[in-house]
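Student: Below is a structure I'd like to ask you about.
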Amino acid sequence: MTDLSDLGSSAFWRVNPKDSDPLETREWLEAFDAMVEAEGRERATYLLRRLLDHARKRRVQLPPVLNTPYRNSVGLADQPQFPGNLEVEQCLSSIVRWNALAMVVRANRAHPELGGHIASYASAADLFEVGFNHFFRAGPGGKNGGTAGGDLVYFQPHSATGVYSRAFLEGRLSEAQLARYRRETGAGAGAGEDPAAGAASSVHKGPGLSSYPHPWLMPDFWQFPTGSMGLGPIQAICQARFMKYLAGRGILDTAGRKVWAFVGDGEMDEPESLAGLSLAAREGLDNLIVVVNCNLQRLDGPVRGNGSVIQELEGLYAGAGWNVVKLLWGSDWDALFARDDDGILLQRLHETVDGEFQTYAATDGRFNREHFFNKYPELQALVAHMSDEDIDRLRRGGHDPVKIYAAYQTAVQHRGQPTVILAQTKKGYGMGHWGQGKMTTHQQKKLDVEALRAFRERFSLPLTDEDLEQVRFFKPPADAPEMKYLHARREALGGYLPARSSAAPKLEVPALEQFAKLLEGSNAREQSTTMAFVQILAQLLKDPVLGRRIVPIVADEARTFGMQTLFRQVGIYAALGQLYEPEDHDELLYYKEAKDGQILEEGINEAGALSSWIAAATSYSAHGTPMLPFYAFYSMFGFQRIGDLIWAAADSRSRGFLIGATAGRTTLAGEGLQHQDGTSHLIASTIQNCVAYDPCYGYELAVILQDGMRRMLAEQEDVFYYVTVMNENYAQPPLPAGAEEGIRRGMYLLRRSRHAATGAKPLPRVHLLGAGTILREALAAAEILGDEYDIAADVWSVTSFTELRRDGLECERWNREHPTDPRRSWVEQCLDGSGGAVVAASDYVCAVPDLIRAWIPGRYLTLGTDGFGRSDTRAALRSFFGVDAQGIAHAAVRAVSRAA
Ligand SMILES: Cc1ncc(C[n+]2csc(CCOP(=O)(O)OP(=O)(O)O)c2C)c(N)n1
């Protein structure tokens, strides 16, 4: 074991200095105690403040004031009475632990490649169970499996087994489903594993259970995807803020409802885990409780072997302005702390680094006595009356329901700040020397019978040897006291969790004709599609049905996109309203913040903006209140920067619009390599429920947005839209007759060649496919081809290569299954029989138009903006990448000559 005295100047010792004169310290402390006793805590706070100011004046270095001692924040005197039946709850949690473990062991015995985790839930079990028995409230729909109106719980992803295991006891998941943990396709069902048996379950129709919380895969069960570490915490913060927003705007009463987020201490190293801390404090999110499961280990080893993750997190959260509740020690430590007059126990705890705490978790009472308590004679004396077994039984706070209840109760009652509970646990708790505190415990997926037997004894499980050998699931009979208790507790809390509902009112959306201004074109007036978008948004905000439900979201780029007019029109949401007179208050369109403001201005925080967008885009499900978010961002800082959050949005069955603005690698022109987006449509194509469009004209945009609203709000399809808009100004033509279907499906004939043959021989023909602003280059190329090369070029506007591909694949699938009733893809319907080569160009990499190559009849050339962007004028950039009119025309000439 490390000799800590060697670490004299380490960061750890700066935070936990040694006492050079304990006697003097004691005198000071006694004087302080006497003052608190006589004059009260408020006076004590005042004096401390004055002392600190005074010390500063004397240039005395101040201690890190954001840390409290290494013990529970809730003292014994403030601890509420535990309202439950401890014995029954202990019994229940043991059974839940067993079934969770059994799921993983069985899955991996049969198929070692399936994976899964035992040790994480083993550490989190009591934290979850106290929540289920006493805190997590289901909404009015809870009894029928809905949670609108209830608490929202973001579960630590790889502890999902514990949640399944509880749902099994509650009768919400079947044994057949448990037996098919991580086998969701229904394929390869073995004896006794009827995949259809899953259908008997009341909350999940599929045959198996997903690895982590996935609303896409278990749409009636999981609400929030957390599988990618760090995304849970930031989504929870933005969800809590969104609930305040809904209340602030008078749309929904969310008072009393809580957002709970369970995260790992290792997970706290993800930047997204910390990204929203100051926002949560600034906005006073007292509806948010984050529980960090501090088992001090992550996958490879200790989270902070040489320090203390709990003290570090305390400083971070407290510094950001959170209410921090430390839940470190179980009830059996109370007596030790009560007798720790000289503070030797606390001193020993402070000098112990997490790497050592892990070793103490992995070893027995005897080892703990020798290495922890026997270090100082006073400490040795403190536990002299305890046997090694007693020492072994000393629990960490996160394993004691009484202490957990006290921490949760404090958190629930706290007002004005979000709360973080730092719960100390042991990884692999109860797994004995097979797992508890072991470096390798995270990866432990198989346990032999001896280990299972030890687990049975440790948790007093009523299992026979054969049960152990077969790793049978266990469920007490319905009339067993623990089962009655389990149901009674959930009934008292409004129903069962988690349960996802998609029941929400359908909304009427404006008809396309209502966007007449865009459909009629701008005459000669030049306008960008970004301006067209802002025009549509401003109109929607006034819509009698949808107006209130629109959630405009920006990440400090509203002015870039010309959206600043909305500041005044609908205001920016601010929990505190506007405490200052804005500099531009005497202007018509001033910067207006308001408690009922409608815009979410996230600052330079794309991850936060997207998390807020997810909250709004899933409001139909989490709150039974459909909202329609439009998040407008620099398109490069969407899929590229926060693609994983967009993936989570897809998993969440989000419904809303992502507006990739200043899009296109050559259209953004001056911003250069890091800003110019040439790939987002390619990434969007990989997300099955993302419907992406790259329109060129305002009328196309109107058709697309109207259709999106219809599909998401009226038809309630689980899709979301990604639409790129550009900042290039040009005259906007009117909607050509009959073009709507093509716009929606992905392409339509915009202009047939006006060039005709003068002799008997027809002109060679080429089809130019153009997308986004590059469509206009294709139009110009058609003129060059006709005038200079005698080639007849038809120009097609491609609004979505990705939708065209989807349609092509769908047709292929259909044709495989229905050989006698074949279908033709939209691309084929458009181009078949028309003859000639096809040339496609867009402001994205060639791989985007390449997506439809399989359905193009004849020769197909694709042009794009592959490589890094760079700063220059639009004309220079388009020439550089070869997507200008000349480049397209030259490619077409080549294509025609080779096609001939
Ligand atoms: C973004 C991301 N990176 C890596 C992983 C893989 N992973 C799953 S659990 C885990 C360790 C988690 O440690 P901790 O947060 O401390 O939780 P514990 O299991 O110890 O409770 C890792 C690295 C992941 N799920 N997501």
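Each chain of the structure tokens is named A, B, ... in the order shown, its residues numbered from 1; ligands are numbered from 1 in display order.
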How would you write, as a JSON list (two decimals) with N, CA, C and O atoms, in the first residue's frame, the set of residues no farther than 10 Å from ligand 1 when counting only C-alpha atoms and all ligand atoms?
Tutor:
```json
[["chain", "number", "residue", "atom", "x", "y", "z"],
["A", 116, "GLY", "N", -22.99, -8.11, -21.85],
["A", 116, "GLY", "CA", -23.90, -7.70, -20.77],
["A", 116, "GLY", "C", -23.08, -7.38, -19.55],
["A", 116, "GLY", "O", -21.86, -7.58, -19.54],
["A", 117, "HIS", "N", -23.73, -6.85, -18.53],
["A", 117, "HIS", "CA", -22.98, -6.42, -17.35],
["A", 117, "HIS", "C", -23.69, -6.89, -16.08],
["A", 117, "HIS", "O", -24.91, -6.83, -16.01],
["A", 118, "ILE", "N", -22.91, -7.30, -15.12],
["A", 118, "ILE", "CA", -23.46, -7.71, -13.83],
["A", 118, "ILE", "C", -23.08, -6.70, -12.75],
["A", 118, "ILE", "O", -23.89, -6.27, -11.94],
["A", 119, "ALA", "N", -21.81, -6.29, -12.78],
["A", 119, "ALA", "CA", -21.25, -5.54, -11.65],
["A", 119, "ALA", "C", -21.84, -4.15, -11.49],
["A", 119, "ALA", "O", -21.96, -3.65, -10.37],
["A", 120, "SER", "N", -22.23, -3.51, -12.59],
["A", 120, "SER", "CA", -22.72, -2.13, -12.47],
["A", 120, "SER", "C", -24.06, -2.10, -11.75],
["A", 120, "SER", "O", -24.26, -1.33, -10.81],
["A", 121, "TYR", "N", -25.00, -2.96, -12.20],
["A", 121, "TYR", "CA", -26.29, -2.97, -11.50],
["A", 121, "TYR", "C", -26.11, -3.44, -10.06],
["A", 121, "TYR", "O", -26.79, -2.95, -9.15],
["A", 122, "ALA", "N", -25.18, -4.37, -9.84],
["A", 122, "ALA", "CA", -24.95, -4.83, -8.47],
["A", 122, "ALA", "C", -24.63, -3.63, -7.57],
["A", 122, "ALA", "O", -25.01, -3.59, -6.40],
["A", 123, "SER", "N", -23.96, -2.63, -8.13],
["A", 123, "SER", "CA", -23.64, -1.45, -7.31],
["A", 123, "SER", "C", -24.83, -0.49, -7.24],
["A", 123, "SER", "O", -24.98, 0.24, -6.26],
["A", 124, "ALA", "N", -25.66, -0.48, -8.28],
["A", 124, "ALA", "CA", -26.74, 0.51, -8.35],
["A", 124, "ALA", "C", -28.07, 0.02, -7.77],
["A", 124, "ALA", "O", -29.01, 0.81, -7.61],
["A", 156, "GLN", "N", -29.09, 4.57, -15.77],
["A", 156, "GLN", "CA", -27.72, 4.22, -16.21],
["A", 156, "GLN", "C", -27.86, 3.05, -17.19],
["A", 156, "GLN", "O", -28.46, 2.03, -16.85],
["A", 157, "PRO", "N", -27.32, 3.19, -18.41],
["A", 157, "PRO", "CA", -27.70, 2.24, -19.47],
["A", 157, "PRO", "C", -27.37, 0.78, -19.18],
["A", 157, "PRO", "O", -28.21, -0.10, -19.39],
["A", 158, "HIS", "N", -26.15, 0.53, -18.71],
["A", 158, "HIS", "CA", -25.77, -0.87, -18.58],
["A", 158, "HIS", "C", -26.28, -1.48, -17.28],
["A", 158, "HIS", "O", -25.95, -2.61, -16.94],
["A", 159, "SER", "N", -27.11, -0.71, -16.55],
["A", 159, "SER", "CA", -27.83, -1.29, -15.41],
["A", 159, "SER", "C", -29.26, -1.62, -15.81],
["A", 159, "SER", "O", -30.10, -1.89, -14.95],
["A", 212, "TYR", "N", -29.61, -1.88, -23.95],
["A", 212, "TYR", "CA", -29.67, -0.64, -23.17],
["A", 212, "TYR", "C", -31.03, 0.02, -23.40],
["A", 212, "TYR", "O", -31.80, -0.45, -24.25],
["A", 226, "THR", "N", -29.85, 6.19, -23.20],
["A", 226, "THR", "CA", -28.71, 6.70, -22.42],
["A", 226, "THR", "C", -27.45, 5.91, -22.74],
["A", 226, "THR", "O", -26.42, 6.13, -22.11],
["A", 227, "GLY", "N", -27.54, 4.97, -23.69],
["A", 227, "GLY", "CA", -26.46, 4.01, -23.91],
["A", 227, "GLY", "C", -25.12, 4.63, -24.25],
["A", 227, "GLY", "O", -24.08, 4.04, -23.98],
["A", 228, "SER", "N", -25.13, 5.79, -24.86],
["A", 228, "SER", "CA", -23.87, 6.44, -25.16],
["A", 228, "SER", "C", -23.57, 7.38, -23.99],
["A", 228, "SER", "O", -24.27, 8.36, -23.75],
["A", 229, "MET", "N", -22.51, 7.03, -23.26],
["A", 229, "MET", "CA", -22.21, 7.73, -22.01],
["A", 229, "MET", "C", -22.16, 9.25, -22.19],
["A", 229, "MET", "O", -21.60, 9.74, -23.17],
["A", 230, "GLY", "N", -22.74, 9.94, -21.26],
["A", 230, "GLY", "CA", -22.70, 11.41, -21.29],
["A", 230, "GLY", "C", -23.97, 12.01, -21.88],
["A", 230, "GLY", "O", -24.32, 13.14, -21.55],
["A", 231, "LEU", "N", -24.64, 11.26, -22.74],
["A", 231, "LEU", "CA", -25.83, 11.83, -23.36],
["A", 231, "LEU", "C", -27.02, 11.84, -22.38],
["A", 231, "LEU", "O", -27.90, 12.68, -22.49],
["A", 262, "PHE", "N", -29.60, 8.76, -13.43],
["A", 262, "PHE", "CA", -28.61, 7.91, -12.77],
["A", 262, "PHE", "C", -27.41, 7.76, -13.70],
["A", 262, "PHE", "O", -27.55, 7.26, -14.83],
["A", 263, "VAL", "N", -26.27, 8.20, -13.23],
["A", 263, "VAL", "CA", -25.08, 8.17, -14.09],
["A", 263, "VAL", "C", -23.91, 7.55, -13.33],
["A", 263, "VAL", "O", -23.88, 7.52, -12.10],
["A", 264, "GLY", "N", -22.93, 7.07, -14.09],
["A", 264, "GLY", "CA", -21.76, 6.48, -13.48],
["A", 264, "GLY", "C", -20.72, 7.54, -13.17],
["A", 264, "GLY", "O", -20.68, 8.60, -13.80],
["A", 265, "ASP", "N", -19.85, 7.26, -12.20],
["A", 265, "ASP", "CA", -18.79, 8.25, -11.90],
["A", 265, "ASP", "C", -17.78, 8.30, -13.03],
["A", 265, "ASP", "O", -17.23, 9.36, -13.34],
["A", 266, "GLY", "N", -17.55, 7.17, -13.70],
["A", 266, "GLY", "CA", -16.66, 7.19, -14.87],
["A", 266, "GLY", "C", -17.30, 8.00, -15.99],
["A", 266, "GLY", "O", -16.61, 8.74, -16.71],
["A", 267, "GLU", "N", -18.59, 7.89, -16.11],
["A", 267, "GLU", "CA", -19.33, 8.60, -17.16],
["A", 267, "GLU", "C", -19.18, 10.12, -17.01],
["A", 267, "GLU", "O", -19.33, 10.87, -17.99],
["A", 268, "MET", "N", -18.89, 10.57, -15.79],
["A", 268, "MET", "CA", -18.77, 12.01, -15.56],
["A", 268, "MET", "C", -17.57, 12.61, -16.29],
["A", 268, "MET", "O", -17.44, 13.82, -16.38],
["A", 269, "ASP", "N", -16.67, 11.76, -16.82],
["A", 269, "ASP", "CA", -15.55, 12.30, -17.59],
["A", 269, "ASP", "C", -15.95, 12.71, -19.00],
["A", 269, "ASP", "O", -15.18, 13.38, -19.69],
["A", 270, "GLU", "N", -17.14, 12.29, -19.44],
["A", 270, "GLU", "CA", -17.59, 12.71, -20.76],
["A", 270, "GLU", "C", -17.89, 14.22, -20.73],
["A", 270, "GLU", "O", -18.56, 14.69, -19.80],
["A", 272, "GLU", "N", -20.02, 15.92, -22.27],
["A", 272, "GLU", "CA", -21.46, 16.21, -22.25],
["A", 272, "GLU", "C", -22.04, 16.07, -20.85],
["A", 272, "GLU", "O", -23.04, 16.70, -20.52],
["A", 292, "VAL", "N", -25.16, 10.25, -8.92],
["A", 292, "VAL", "CA", -23.93, 9.67, -9.49],
["A", 292, "VAL", "C", -23.56, 8.45, -8.66],
["A", 292, "VAL", "O", -23.32, 8.54, -7.45],
["A", 293, "ASN", "N", -23.56, 7.32, -9.35],
["A", 293, "ASN", "CA", -23.22, 6.06, -8.70],
["A", 293, "ASN", "C", -21.70, 5.97, -8.59],
["A", 293, "ASN", "O", -21.02, 5.55, -9.52],
["A", 294, "CYS", "N", -21.18, 6.37, -7.44],
["A", 294, "CYS", "CA", -19.72, 6.43, -7.27],
["A", 294, "CYS", "C", -19.21, 5.10, -6.73],
["A", 294, "CYS", "O", -18.92, 4.97, -5.54],
["A", 295, "ASN", "N", -19.11, 4.14, -7.63],
["A", 295, "ASN", "CA", -18.50, 2.87, -7.20],
["A", 295, "ASN", "C", -16.98, 2.95, -7.40],
["A", 295, "ASN", "O", -16.27, 1.97, -7.22],
["A", 296, "LEU", "N", -16.52, 4.13, -7.76],
["A", 296, "LEU", "CA", -15.09, 4.47, -7.85],
["A", 296, "LEU", "C", -14.36, 3.73, -8.96],
["A", 296, "LEU", "O", -13.16, 3.87, -9.13],
["A", 297, "GLN", "N", -15.10, 2.92, -9.73],
["A", 297, "GLN", "CA", -14.47, 2.21, -10.82],
["A", 297, "GLN", "C", -15.18, 2.52, -12.13],
["A", 297, "GLN", "O", -16.37, 2.81, -12.13],
["A", 298, "ARG", "N", -14.42, 2.41, -13.21],
["A", 298, "ARG", "CA", -15.05, 2.43, -14.54],
["A", 298, "ARG", "C", -14.74, 1.10, -15.19],
["A", 298, "ARG", "O", -14.72, 0.10, -14.48],
["A", 299, "LEU", "N", -14.50, 1.07, -16.51],
["A", 299, "LEU", "CA", -14.32, -0.23, -17.14],
["A", 299, "LEU", "C", -12.92, -0.80, -16.88],
["A", 299, "LEU", "O", -12.76, -1.91, -16.40],
["A", 300, "ASP", "N", -11.91, 0.00, -17.16],
["A", 300, "ASP", "CA", -10.54, -0.50, -17.06],
["A", 300, "ASP", "C", -10.00, -0.55, -15.63],
["A", 300, "ASP", "O", -9.15, -1.37, -15.32],
["A", 301, "GLY", "N", -10.45, 0.35, -14.79],
["A", 301, "GLY", "CA", -9.89, 0.43, -13.45],
["A", 301, "GLY", "C", -10.54, 1.54, -12.66],
["A", 301, "GLY", "O", -11.68, 1.93, -12.96],
["A", 302, "PRO", "N", -9.82, 2.08, -11.67],
["A", 302, "PRO", "CA", -10.41, 3.14, -10.85],
["A", 302, "PRO", "C", -10.64, 4.43, -11.64],
["A", 302, "PRO", "O", -9.88, 4.72, -12.56],
["A", 303, "VAL", "N", -11.67, 5.17, -11.25],
["A", 303, "VAL", "CA", -11.95, 6.44, -11.94],
["A", 303, "VAL", "C", -10.87, 7.46, -11.56],
["A", 303, "VAL", "O", -10.34, 8.17, -12.39],
["A", 425, "THR", "N", -20.68, 3.58, -3.59],
["A", 425, "THR", "CA", -21.08, 2.16, -3.63],
["A", 425, "THR", "C", -19.86, 1.30, -3.90],
["A", 425, "THR", "O", -18.75, 1.82, -4.03],
["A", 426, "LYS", "N", -20.11, -0.01, -3.97],
["A", 426, "LYS", "CA", -19.03, -0.93, -4.36],
["A", 426, "LYS", "C", -19.41, -1.57, -5.68],
["A", 426, "LYS", "O", -20.53, -2.08, -5.83],
["A", 427, "LYS", "N", -18.51, -1.53, -6.62],
["A", 427, "LYS", "CA", -18.80, -2.17, -7.91],
["A", 427, "LYS", "C", -18.82, -3.68, -7.71],
["A", 427, "LYS", "O", -17.95, -4.24, -7.03],
["A", 428, "GLY", "N", -19.83, -4.33, -8.27],
["A", 428, "GLY", "CA", -19.94, -5.78, -8.10],
["A", 428, "GLY", "C", -20.37, -6.15, -6.69],
["A", 428, "GLY", "O", -20.06, -7.25, -6.21],
["A", 441, "THR", "N", -14.03, -6.53, -12.86],
["A", 441, "THR", "CA", -15.44, -6.86, -12.59],
["A", 441, "THR", "C", -16.40, -6.35, -13.67],
["A", 441, "THR", "O", -17.42, -6.96, -13.93],
["A", 442, "HIS", "N", -16.06, -5.24, -14.32],
["A", 442, "HIS", "CA", -16.98, -4.69, -15.31],
["A", 442, "HIS", "C", -17.26, -5.69, -16.43],
["A", 442, "HIS", "O", -18.35, -5.74, -16.99],
["A", 443, "GLN", "N", -16.25, -6.49, -16.75],
["A", 443, "GLN", "CA", -16.36, -7.42, -17.88],
["A", 443, "GLN", "C", -16.90, -8.80, -17.46],
["A", 443, "GLN", "O", -17.01, -9.68, -18.30],
["A", 644, "ASP", "N", -23.85, 12.03, -32.51],
["A", 644, "ASP", "CA", -24.30, 10.97, -31.60],
["A", 644, "ASP", "C", -25.59, 11.38, -30.89],
["A", 644, "ASP", "O", -26.44, 10.53, -30.60]]
```
Student: Could you go through segment 303-353 of chain A and tell me which residues DSSP, when run on the backbone, assigns to strand (DSSP E or B), listing them as a VMD selection string?
Tutor: chain A and resid 323 to 327 329
Student: Have a look at A:Glu601, A:His681, A:Ala714, A:Asp790 and name the one nearest to Val545 of chain A; count only C-alpha atoms.
Tutor: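 Of the candidates, the smallest distance to Val545 of chain A is held by A:Ala714.
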Student: Choose the residue, out of A:Gln706, A:Gln380, A:Gln569, A:Asn287, that has the smallest atom-to-atom separation from Leu588 of chain A; count only C-alpha atoms.
Tutor: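 Checking each candidate against Leu588 of chain A, we get A:Gln569 as the closest.
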Student: Of the candidates A:Ser331, A:Gln409, A:Ser202, A:Ser174, which one gets nearest to Pro83 of chain A if we count only C-alpha atoms?
Tutor: A:Gln409
Student: I want to know what sits within 9 Å of Tyr245 of chain A, based on only C-alpha atoms, with residues of the same chain fewer than 6 positions away left out; could you give that as a list of chain:residue names?
Tutor: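 Here the qualifying residues turn out to be A:Ile251, A:Leu252, A:Tyr573, A:Ala574, A:Ala575, A:Lys595, A:Asp596, A:Gly597, A:Gln598, A:Leu600.
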Student: Gly643 of chain A: which residues within 12 Å, counting only C-alpha atoms, same-chain residues fewer than 4 positions away excluded, as a list in words?
Tutor: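 My list of contacting residues is Ser228, Leu231, Glu606, Ala607, Leu610, Ser611, Ser635, Met636, Phe637, Gly638, Phe639, Trp647, Ala648, Ala649, Ala650, Thr679, Ser680, His681, Leu682, Ile683, Ala684, Thr686 and Ile687 of chain A.
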Student: Name the residues in contact with Tyr46 of chain A at a cut-off of 12 Å, using only C-alpha atoms, excluding same-chain residues fewer than 6 positions from it; report them as number ranges by chain.
Tutor: A: 35-36, 39-40, 52-53
Student: Write the residues of the preceding selection, restricted to all heavy atoms, as an mmCIF file, in the first residue's frame.
Tutor:
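The new file out32.cif reads:
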```
data_model
loop_
_atom_site.group_PDB
_atom_site.id
_atom_site.type_symbol
_atom_site.label_atom_id
_atom_site.label_comp_id
_atom_site.auth_asym_id
_atom_site.auth_seq_id
_atom_site.Cartn_x
_atom_site.Cartn_y
_atom_site.Cartn_z
ATOM 1 N N MET A 35 -20.318 29.294 19.911
ATOM 2 C CA MET A 35 -20.951 30.438 19.248
ATOM 3 C C MET A 35 -22.208 29.991 18.486
ATOM 4 O O MET A 35 -23.255 30.635 18.556
ATOM 5 C CB MET A 35 -19.929 31.093 18.315
ATOM 6 C CG MET A 35 -20.395 32.332 17.609
ATOM 7 S SD MET A 35 -21.089 31.934 16.023
ATOM 8 C CE MET A 35 -19.650 31.292 15.186
ATOM 9 N N VAL A 36 -22.117 28.866 17.745
ATOM 10 C CA VAL A 36 -23.286 28.371 16.988
ATOM 11 C C VAL A 36 -24.423 28.088 17.962
ATOM 12 O O VAL A 36 -25.592 28.434 17.720
ATOM 13 C CB VAL A 36 -22.943 27.096 16.180
ATOM 14 C CG1 VAL A 36 -24.184 26.534 15.494
ATOM 15 C CG2 VAL A 36 -21.859 27.375 15.159
ATOM 16 N N GLU A 39 -25.641 31.583 19.326
ATOM 17 C CA GLU A 39 -26.144 32.629 18.434
ATOM 18 C C GLU A 39 -26.770 32.123 17.137
ATOM 19 O O GLU A 39 -27.316 32.900 16.359
ATOM 20 C CB GLU A 39 -25.012 33.616 18.113
ATOM 21 C CG GLU A 39 -24.475 34.288 19.373
ATOM 22 C CD GLU A 39 -23.338 35.238 19.051
ATOM 23 O OE1 GLU A 39 -23.522 36.071 18.171
ATOM 24 O OE2 GLU A 39 -22.268 35.098 19.674
ATOM 25 N N GLY A 40 -26.660 30.842 16.914
ATOM 26 C CA GLY A 40 -27.354 30.277 15.756
ATOM 27 C C GLY A 40 -26.497 30.192 14.498
ATOM 28 O O GLY A 40 -25.432 30.798 14.405
ATOM 29 N N LEU A 52 -13.343 35.063 6.258
ATOM 30 C CA LEU A 52 -12.755 34.830 4.932
ATOM 31 C C LEU A 52 -12.281 36.146 4.325
ATOM 32 O O LEU A 52 -11.181 36.240 3.780
ATOM 33 C CB LEU A 52 -13.776 34.152 4.006
ATOM 34 C CG LEU A 52 -14.087 32.688 4.323
ATOM 35 C CD1 LEU A 52 -15.180 32.157 3.397
ATOM 36 C CD2 LEU A 52 -12.838 31.833 4.155
ATOM 37 N N ASP A 53 -13.135 37.184 4.440
ATOM 38 C CA ASP A 53 -12.744 38.489 3.897
ATOM 39 C C ASP A 53 -11.471 38.985 4.579
ATOM 40 O O ASP A 53 -10.552 39.509 3.941
ATOM 41 C CB ASP A 53 -13.872 39.523 4.109
ATOM 42 C CG ASP A 53 -15.059 39.226 3.208
ATOM 43 O OD1 ASP A 53 -14.890 38.410 2.273
ATOM 44 O OD2 ASP A 53 -16.145 39.781 3.454
#
```
Student: Using only C-alpha atoms, determine which residues lie at most 8 Å from Val203 of chain A, disregarding the query and same-chain residues fewer than 5 positions distant; provide the list as a ChimeraX atom specification.
Tutor: /A:145,172-173,220-221,499
Student: Could you check the closest approach to Trp329 of chain A for each of A:Pro733, A:Gly398, A:Pro481, A:Gly276 and tell me which residue wins, using only C-alpha atoms?
Tutor: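 Smallest distance to Trp329 of chain A is found for A:Gly398.
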Student: Got a sec: who's within 8 Å of Ala885 of chain A, counting only C-alpha atoms, leaving out chain neighbours fewer than 2 positions off, as a PyMOL selection string?
Tutor: chain A and resi 777-781+784+883+887-889
Student: When distances are computed from only C-alpha atoms, which of A:Tyr376, A:Trp434, A:Tyr730, A:Trp333 shows the smallest separation from Thr363 of chain A?
Tutor: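 Of all the options, A:Trp434 lies closest to Thr363 of chain A.
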